[in-house]
>>> print(open('query-v3.pdb').read())   # PDB, C-alpha atoms
ATOM      1  CA  MET A1105      44.946 147.993   1.430
ATOM      2  CA  THR A1106      46.582 151.034  -0.188
ATOM      3  CA  ASP A1107      45.862 151.880  -3.824
ATOM      4  CA  TYR A1108      47.884 154.251  -5.999
ATOM      5  CA  GLN A1109      47.017 156.711  -8.734
ATOM      6  CA  PHE A1110      49.742 158.109 -11.008
ATOM      7  CA  ASN A1111      49.131 161.429 -12.706
ATOM      8  CA  ASP A1112      50.331 162.014 -16.259
ATOM      9  CA  ARG A1113      53.489 163.876 -15.202
ATOM     10  CA  ALA A1114      54.700 161.106 -12.900
ATOM     11  CA  TYR A1115      53.978 158.349 -15.404
ATOM     12  CA  ALA A1116      55.594 160.227 -18.296
ATOM     13  CA  LYS A1117      58.818 160.884 -16.381
ATOM     14  CA  ILE A1118      59.168 157.238 -15.342
ATOM     15  CA  ILE A1119      58.667 156.056 -18.920
ATOM     16  CA  PHE A1120      60.880 158.756 -20.466
ATOM     17  CA  HIS A1121      63.715 157.952 -18.031
ATOM     18  CA  SER A1122      63.473 154.257 -18.903
ATOM     19  CA  ALA A1123      63.280 154.975 -22.641
ATOM     20  CA  LYS A1124      66.270 157.330 -22.604
ATOM     21  CA  TYR A1125      68.515 154.495 -21.382
ATOM     22  CA  PRO A1126      66.971 151.310 -22.814
ATOM     23  CA  HIS A1127      70.287 149.440 -22.492
ATOM     24  CA  LEU A1128      70.733 150.306 -18.804
ATOM     25  CA  ALA A1129      68.906 149.919 -15.529
ATOM     26  CA  VAL A1130      67.493 153.187 -14.183
ATOM     27  CA  ASN A1131      65.912 154.207 -10.914
ATOM     28  CA  GLY A1132      64.159 157.120  -9.259
ATOM     29  CA  VAL A1133      61.784 158.175  -6.519
ATOM     30  CA  LEU A1134      58.117 159.116  -6.517
ATOM     31  CA  LEU A1135      56.467 162.084  -4.824
ATOM     32  CA  SER A1136      52.905 162.272  -3.602
ATOM     33  CA  GLU A1137      50.549 164.632  -1.883
ATOM     34  CA  LYS A1138      50.996 164.504   1.887
ATOM     35  CA  SER A1139      47.579 163.048   2.636
ATOM     36  CA  PRO A1140      46.039 160.119   0.723
ATOM     37  CA  LYS A1141      42.529 160.523  -0.672
ATOM     38  CA  GLY A1142      40.816 157.768   1.262
ATOM     39  CA  ASN A1143      42.913 154.659   0.626
ATOM     40  CA  THR A1144      44.486 156.086  -2.539
ATOM     41  CA  VAL A1145      47.950 157.646  -2.613
ATOM     42  CA  GLN A1146      48.162 160.309  -5.333
ATOM     43  CA  ILE A1147      51.563 160.007  -7.065
ATOM     44  CA  VAL A1148      52.094 163.433  -8.633
ATOM     45  CA  ASP A1149      55.750 163.509  -9.658
ATOM     46  CA  ALA A1150      58.779 161.328 -10.363
ATOM     47  CA  ILE A1151      62.412 162.262  -9.778
ATOM     48  CA  PRO A1152      64.865 160.322 -11.996
ATOM     49  CA  LEU A1153      67.988 159.370 -10.026
ATOM     50  CA  PHE A1154      70.574 157.171 -11.712
ATOM     51  CA  HIS A1155      71.383 155.231 -14.873
ATOM     52  CA  GLN A1156      74.978 154.262 -14.101
ATOM     53  CA  CYS A1157      75.750 153.177 -10.532
ATOM     54  CA  LEU A1158      72.257 152.720  -9.160
ATOM     55  CA  TYR A1159      73.172 151.520  -5.711
ATOM     56  CA  VAL A1160      76.281 153.505  -4.732
ATOM     57  CA  THR A1161      75.292 154.436  -1.190
ATOM     58  CA  PRO A1162      76.963 157.877  -0.827
ATOM     59  CA  MET A1163      75.462 159.134  -4.098
ATOM     60  CA  ALA A1164      72.044 157.703  -3.222
ATOM     61  CA  GLU A1165      72.140 159.387   0.195
ATOM     62  CA  ILE A1166      73.078 162.748  -1.326
ATOM     63  CA  ALA A1167      70.317 162.436  -3.909
ATOM     64  CA  LEU A1168      67.656 161.382  -1.394
ATOM     65  CA  THR A1169      68.600 164.260   0.937
ATOM     66  CA  GLN A1170      68.157 166.763  -1.887
ATOM     67  CA  VAL A1171      64.914 165.142  -3.037
ATOM     68  CA  ASP A1172      63.546 165.286   0.524
ATOM     69  CA  ALA A1173      64.310 169.016   0.694
ATOM     70  CA  TYR A1174      62.720 169.610  -2.717
ATOM     71  CA  ALA A1175      59.594 167.636  -1.765
ATOM     72  CA  ASP A1176      59.258 169.636   1.441
ATOM     73  CA  ARG A1177      59.443 172.916  -0.500
ATOM     74  CA  GLU A1178      56.746 171.658  -2.866
ATOM     75  CA  ASN A1179      54.557 170.472   0.041
ATOM     76  CA  LEU A1180      54.953 166.855  -1.104
ATOM     77  CA  ILE A1181      56.472 163.695   0.388
ATOM     78  CA  VAL A1182      58.628 160.880  -0.952
ATOM     79  CA  ALA A1183      56.093 158.126  -1.554
ATOM     80  CA  GLY A1184      57.860 155.454  -3.525
ATOM     81  CA  TYR A1185      60.719 154.139  -5.568
ATOM     82  CA  TYR A1186      60.881 152.947  -9.164
ATOM     83  CA  VAL A1187      63.369 150.832 -11.067
ATOM     84  CA  ALA A1188      63.605 149.696 -14.681
ATOM     85  CA  PRO A1189      65.700 146.514 -14.875
ATOM     86  CA  GLU A1190      68.522 146.281 -17.393
ATOM     87  CA  ASN A1191      67.608 142.753 -18.459
ATOM     88  CA  PHE A1192      64.440 142.480 -20.560
ATOM     89  CA  TYR A1193      63.328 139.377 -18.640
ATOM     90  CA  ASP A1194      63.873 140.789 -15.127
ATOM     91  CA  ASN A1195      60.234 141.586 -14.535
ATOM     92  CA  SER A1196      59.837 140.264 -11.016
ATOM     93  CA  ILE A1197      60.487 142.219  -7.860
ATOM     94  CA  GLU A1198      62.632 139.399  -6.476
ATOM     95  CA  ARG A1199      65.204 140.094  -9.190
ATOM     96  CA  ALA A1200      65.325 143.841  -8.611
ATOM     97  CA  PRO A1201      68.410 144.700  -6.499
ATOM     98  CA  ALA A1202      66.641 147.755  -5.183
ATOM     99  CA  ALA A1203      65.016 146.665  -1.969
ATOM    100  CA  LYS A1204      67.284 148.622   0.374
ATOM    101  CA  ILE A1205      66.405 152.043  -1.036
ATOM    102  CA  ALA A1206      62.711 151.128  -1.155
ATOM    103  CA  GLU A1207      62.856 149.912   2.446
ATOM    104  CA  LYS A1208      64.569 153.153   3.505
ATOM    105  CA  ILE A1209      61.695 155.137   2.024
ATOM    106  CA  LEU A1210      59.220 152.784   3.694
ATOM    107  CA  GLU A1211      60.713 153.645   7.110
ATOM    108  CA  SER A1212      59.523 157.236   6.648
ATOM    109  CA  ASN A1213      56.276 156.497   4.827
ATOM    110  CA  LYS A1214      54.319 153.323   5.545
ATOM    111  CA  ASN A1215      52.227 153.906   2.390
ATOM    112  CA  ALA A1216      55.272 153.959   0.106
ATOM    113  CA  CYS A1217      55.205 151.859  -3.039
ATOM    114  CA  PHE A1218      57.821 149.982  -5.034
ATOM    115  CA  VAL A1219      57.349 150.317  -8.803
ATOM    116  CA  LEU A1220      58.909 148.031 -11.374
ATOM    117  CA  VAL A1221      58.877 149.150 -15.003
ATOM    118  CA  ASP A1222      57.559 146.237 -17.028
ATOM    119  CA  ASN A1223      60.036 145.880 -19.893
ATOM    120  CA  LYS A1224      57.612 143.702 -21.843
ATOM    121  CA  LEU A1225      55.130 146.575 -22.044
ATOM    122  CA  MET A1226      57.663 149.275 -22.931
ATOM    123  CA  SER A1227      57.017 150.340 -26.510
ATOM    124  CA  LEU A1228      56.478 153.433 -28.638
ATOM    125  CA  ASN A1229      52.783 152.564 -28.776
ATOM    126  CA  GLN A1230      51.570 151.918 -25.266
ATOM    127  CA  SER A1231      48.232 150.226 -24.885
ATOM    128  CA  GLU A1232      48.525 149.714 -21.125
ATOM    129  CA  ALA A1233      50.610 151.146 -18.307
ATOM    130  CA  ALA A1234      54.104 149.615 -18.319
ATOM    131  CA  LEU A1235      54.280 149.395 -14.541
ATOM    132  CA  LYS A1236      54.025 146.828 -11.780
ATOM    133  CA  VAL A1237      53.237 148.375  -8.414
ATOM    134  CA  PHE A1238      53.868 146.834  -5.009
ATOM    135  CA  SER A1239      53.078 147.909  -1.462
ATOM    136  CA  CYS A1240      54.124 146.624   1.916
ATOM    137  CA  ASN A1241      51.474 145.760   4.483
ATOM    138  CA  GLY A1242      52.263 144.708   8.024
ATOM    139  CA  GLU A1243      55.474 144.898  10.002
ATOM    140  CA  ALA A1244      57.460 142.408   7.918
ATOM    141  CA  THR A1245      59.008 143.967   4.841
ATOM    142  CA  ARG A1246      57.205 141.911   2.243
ATOM    143  CA  TRP A1247      56.228 143.579  -0.991
ATOM    144  CA  THR A1248      52.938 142.440  -2.499
ATOM    145  CA  LYS A1249      51.187 143.480  -5.695
ATOM    146  CA  ALA A1250      49.051 146.599  -5.300
ATOM    147  CA  ASN A1251      46.226 148.130  -7.298
ATOM    148  CA  PHE A1252      47.012 151.231  -9.313
ATOM    149  CA  THR A1253      45.498 153.461 -11.972
ATOM    150  CA  LEU A1254      46.604 156.268 -14.243
ATOM    151  CA  SER A1255      44.679 159.502 -14.213
ATOM    152  CA  GLN A1256      43.006 159.824 -17.630
ATOM    153  CA  THR A1257      44.428 156.435 -18.635
ATOM    154  CA  LYS A1258      43.652 156.444 -22.359
ATOM    155  CA  ALA A1259      44.723 160.056 -22.945
ATOM    156  CA  THR A1260      47.888 159.635 -20.867
ATOM    157  CA  LEU A1261      49.000 156.488 -22.710
ATOM    158  CA  GLN A1262      48.249 158.013 -26.113
ATOM    159  CA  THR A1263      50.104 161.251 -25.361
ATOM    160  CA  VAL A1264      53.116 159.513 -23.790
ATOM    161  CA  SER A1265      53.297 157.253 -26.863
ATOM    162  CA  GLU A1266      53.277 160.242 -29.211
ATOM    163  CA  LEU A1267      55.924 162.054 -27.161
ATOM    164  CA  LEU A1268      58.135 158.958 -27.199
ATOM    165  CA  GLN A1269      57.831 158.824 -30.980
ATOM    166  CA  ARG A1270      58.894 162.477 -31.125
ATOM    167  CA  GLY A1271      61.965 161.814 -28.956
ATOM    168  CA  ALA A1272      60.835 163.670 -25.819
ATOM    169  CA  MET A1273      62.715 161.203 -23.601
ATOM    170  CA  ARG A1274      66.069 162.587 -24.764
ATOM    171  CA  GLU A1275      65.605 165.681 -22.590
ATOM    172  CA  VAL A1276      65.024 163.872 -19.294
ATOM    173  CA  VAL A1277      67.641 164.842 -16.710
ATOM    174  CA  ASP A1278      68.488 162.444 -13.898
ATOM    175  CA  PHE A1279      70.733 162.907 -10.883
ATOM    176  CA  ASP A1280      73.633 161.283 -12.754
ATOM    177  CA  ASN A1281      73.339 164.022 -15.395
ATOM    178  CA  HIS A1282      73.262 166.632 -12.624
ATOM    179  CA  LEU A1283      76.480 165.229 -11.116
ATOM    180  CA  ASP A1284      78.115 165.491 -14.547
ATOM    181  CA  ASN A1285      76.998 169.109 -14.867
ATOM    182  CA  PRO A1286      75.332 170.935 -11.928
ATOM    183  CA  GLU A1287      73.433 173.134 -14.392
ATOM    184  CA  ASN A1288      71.354 170.093 -15.380
ATOM    185  CA  ASP A1289      68.021 170.352 -13.549
ATOM    186  CA  TRP A1290      67.171 166.981 -11.958
ATOM    187  CA  THR A1291      63.691 168.253 -11.035
ATOM    188  CA  ASN A1292      62.889 168.442 -14.779
ATOM    189  CA  GLN A1293      60.828 171.602 -14.504
ATOM    190  CA  HIS A1294      60.440 171.640 -18.300
ATOM    191  CA  TYR A1295      58.221 168.546 -17.945
ATOM    192  CA  ASN A1296      56.164 169.954 -15.085
ATOM    193  CA  ARG A1297      53.257 171.019 -17.215
ATOM    194  CA  ASP A1298      50.242 169.457 -18.851
ATOM    195  CA  LEU A1299      51.117 166.776 -21.416
ATOM    196  CA  LYS A1300      49.065 168.640 -24.021
ATOM    197  CA  GLN A1301      51.378 171.618 -23.562
ATOM    198  CA  LEU A1302      54.368 169.300 -23.966
ATOM    199  CA  MET A1303      52.959 168.031 -27.244
ATOM    200  CA  ALA A1304      53.134 171.571 -28.621
ATOM    201  CA  MET A1305      56.859 171.734 -27.803
ATOM    202  CA  TYR A1306      57.869 168.643 -29.817
TER     203      TYR A1306
END
>>> encode(input="query-v3.pdb", output="structure tokens")
Amino acid sequence: MTDYQFNDRAYAKIIFHSAKYPHLAVNGVLLSEKSPKGNTVQIVDAIPLFHQCLYVTPMAEIALTQVDAYADRENLIVAGYYVAPENFYDNSIERAPAAKIAEKILESNKNACFVLVDNKLMSLNQSEAALKVFSCNGEATRWTKANFTLSQTKATLQTVSELLQRGAMREVVDFDNHLDNPENDWTNQHYNRDLKQLMAMY
């Protein structure tokens, strides 16, 4: 059974992307270190993809190709997919129309996970991680609930909450923003630092 650990950067980007577009569904991919630590996959980054047409195949293929190249340069691999449903009550994986992209990632990485942002736990004051994580075991593509943790859980939740209250989510750039203006950096390098450093910027 594969477990997952999300570092503060990956968790913050997922939450910020969801919070930037609370009235829309959003999606993105997750990057991990190439080798798991025992049975635990270390999720170290999140790449926000879309907030408009989530499942337009040509755009998704272009984005995934670029993300693959970026991950390779960073010595990482694509290790999962996340989606935040548009409807507040769509908190089950069966309702998420995202399986095809997740399954595509699974073809290349058998340890890949499917992450659903839990709308009911999305708030400016987070007391627990607003995620549901699923993995796929066996040959049949059947997603089942997986164990996950946040690195430095209490500190990560507290800092992400404070950054949300300060409006940090407004600066998240997804691939849709990049298509609108190529100068927009979909890798979000400005977030690729310690959350304590981010706090000093807002």
>>> residues_near_point(input="query-v3.pdb", point="(41.7, 157.8, 0.6)", cutoff="12 Å", atoms="all atoms listed in the file", output="MDAnalysis selection string")
chainID A and resid 1105:1109 1137:1146 1215
>>> atom_distance(input="query-v3.pdb", atom1="CA of Arg1274 in chain A", atom2="CA of Tyr1174 in chain A")
23.4 Å
>>> resolve_selection(input="query-v3.pdb", expression="the PyMOL selection byres ((chain A and resi 1219-1227) around 6)", output="JSON, numbers by chain")
{"A": [1186, 1187, 1188, 1192, 1195, 1218, 1228, 1229, 1230, 1234, 1235, 1236, 1237]}
>>> atom_distance(input="query-v3.pdb", atom1="CA of Val1276 in chain A", atom2="CA of Lys1249 in chain A")
28.1 Å
>>> atom_distance(input="query-v3.pdb", atom1="CA of Gln1301 in chain A", atom2="CA of Ile1119 in chain A")
17.8 Å
>>> residues_around(input="query-v3.pdb", residues="Ile1166 in chain A", least_positions_apart="5", cutoff="12 Å", atoms="all atoms listed in the file", output="JSON, numbers by chain")
{"A": [1153, 1160, 1161, 1171, 1172, 1173, 1279, 1280, 1282, 1283]}
>>> residues_around(input="query-v3.pdb", residues="Lys1214 in chain A", least_positions_apart="3", cutoff="10 Å", atoms="all atoms listed in the file", output="PyMOL selection string")
chain A and resi 1106+1183-1184+1207+1209-1211+1217+1239-1243
>>> residues_around(input="query-v3.pdb", residues="Lys1258 in chain A", least_positions_apart="2", cutoff="12 Å", atoms="only C-alpha atoms", output="list of chain:residue names")
A:Asp1112, A:Asn1229, A:Gln1230, A:Ser1231, A:Glu1232, A:Ala1233, A:Thr1253, A:Leu1254, A:Ser1255, A:Gln1256, A:Thr1260, A:Leu1261, A:Gln1262, A:Thr1263, A:Val1264, A:Ser1265
>>> residues_around(input="query-v3.pdb", residues="Asn1296 in chain A", least_positions_apart="4", cutoff="12 Å", atoms="only C-alpha atoms", output="count of residues only")
19
>>> closest_residue(input="query-v3.pdb", among="A:Lys1124, A:Arg1270, A:Ala1216, A:Ile1181", to="Trp1247 in chain A", atoms="all atoms listed in the file")
A:Ala1216
>>> axis_aligned_box(input="query-v3.pdb", around="range 1210-1217 of chain A", padding_each_side="6 Å", output="AutoDock Vina command-line options")
--center_x 56.5 --center_y 154.5 --center_z 2.0 --size_x 20.5 --size_y 17.4 --size_z 22.1
>>> closest_residue(input="query-v3.pdb", among="A:Val1130, A:Pro1152, A:Pro1189, A:Ile1205", to="Glu1165 in chain A", atoms="all atoms listed in the file")
A:Ile1205
>>> closest_residue(input="query-v3.pdb", among="A:Glu1287, A:Val1182, A:Arg1177, A:Glu1190", to="Gly1132 in chain A", atoms="all atoms listed in the file")
A:Val1182
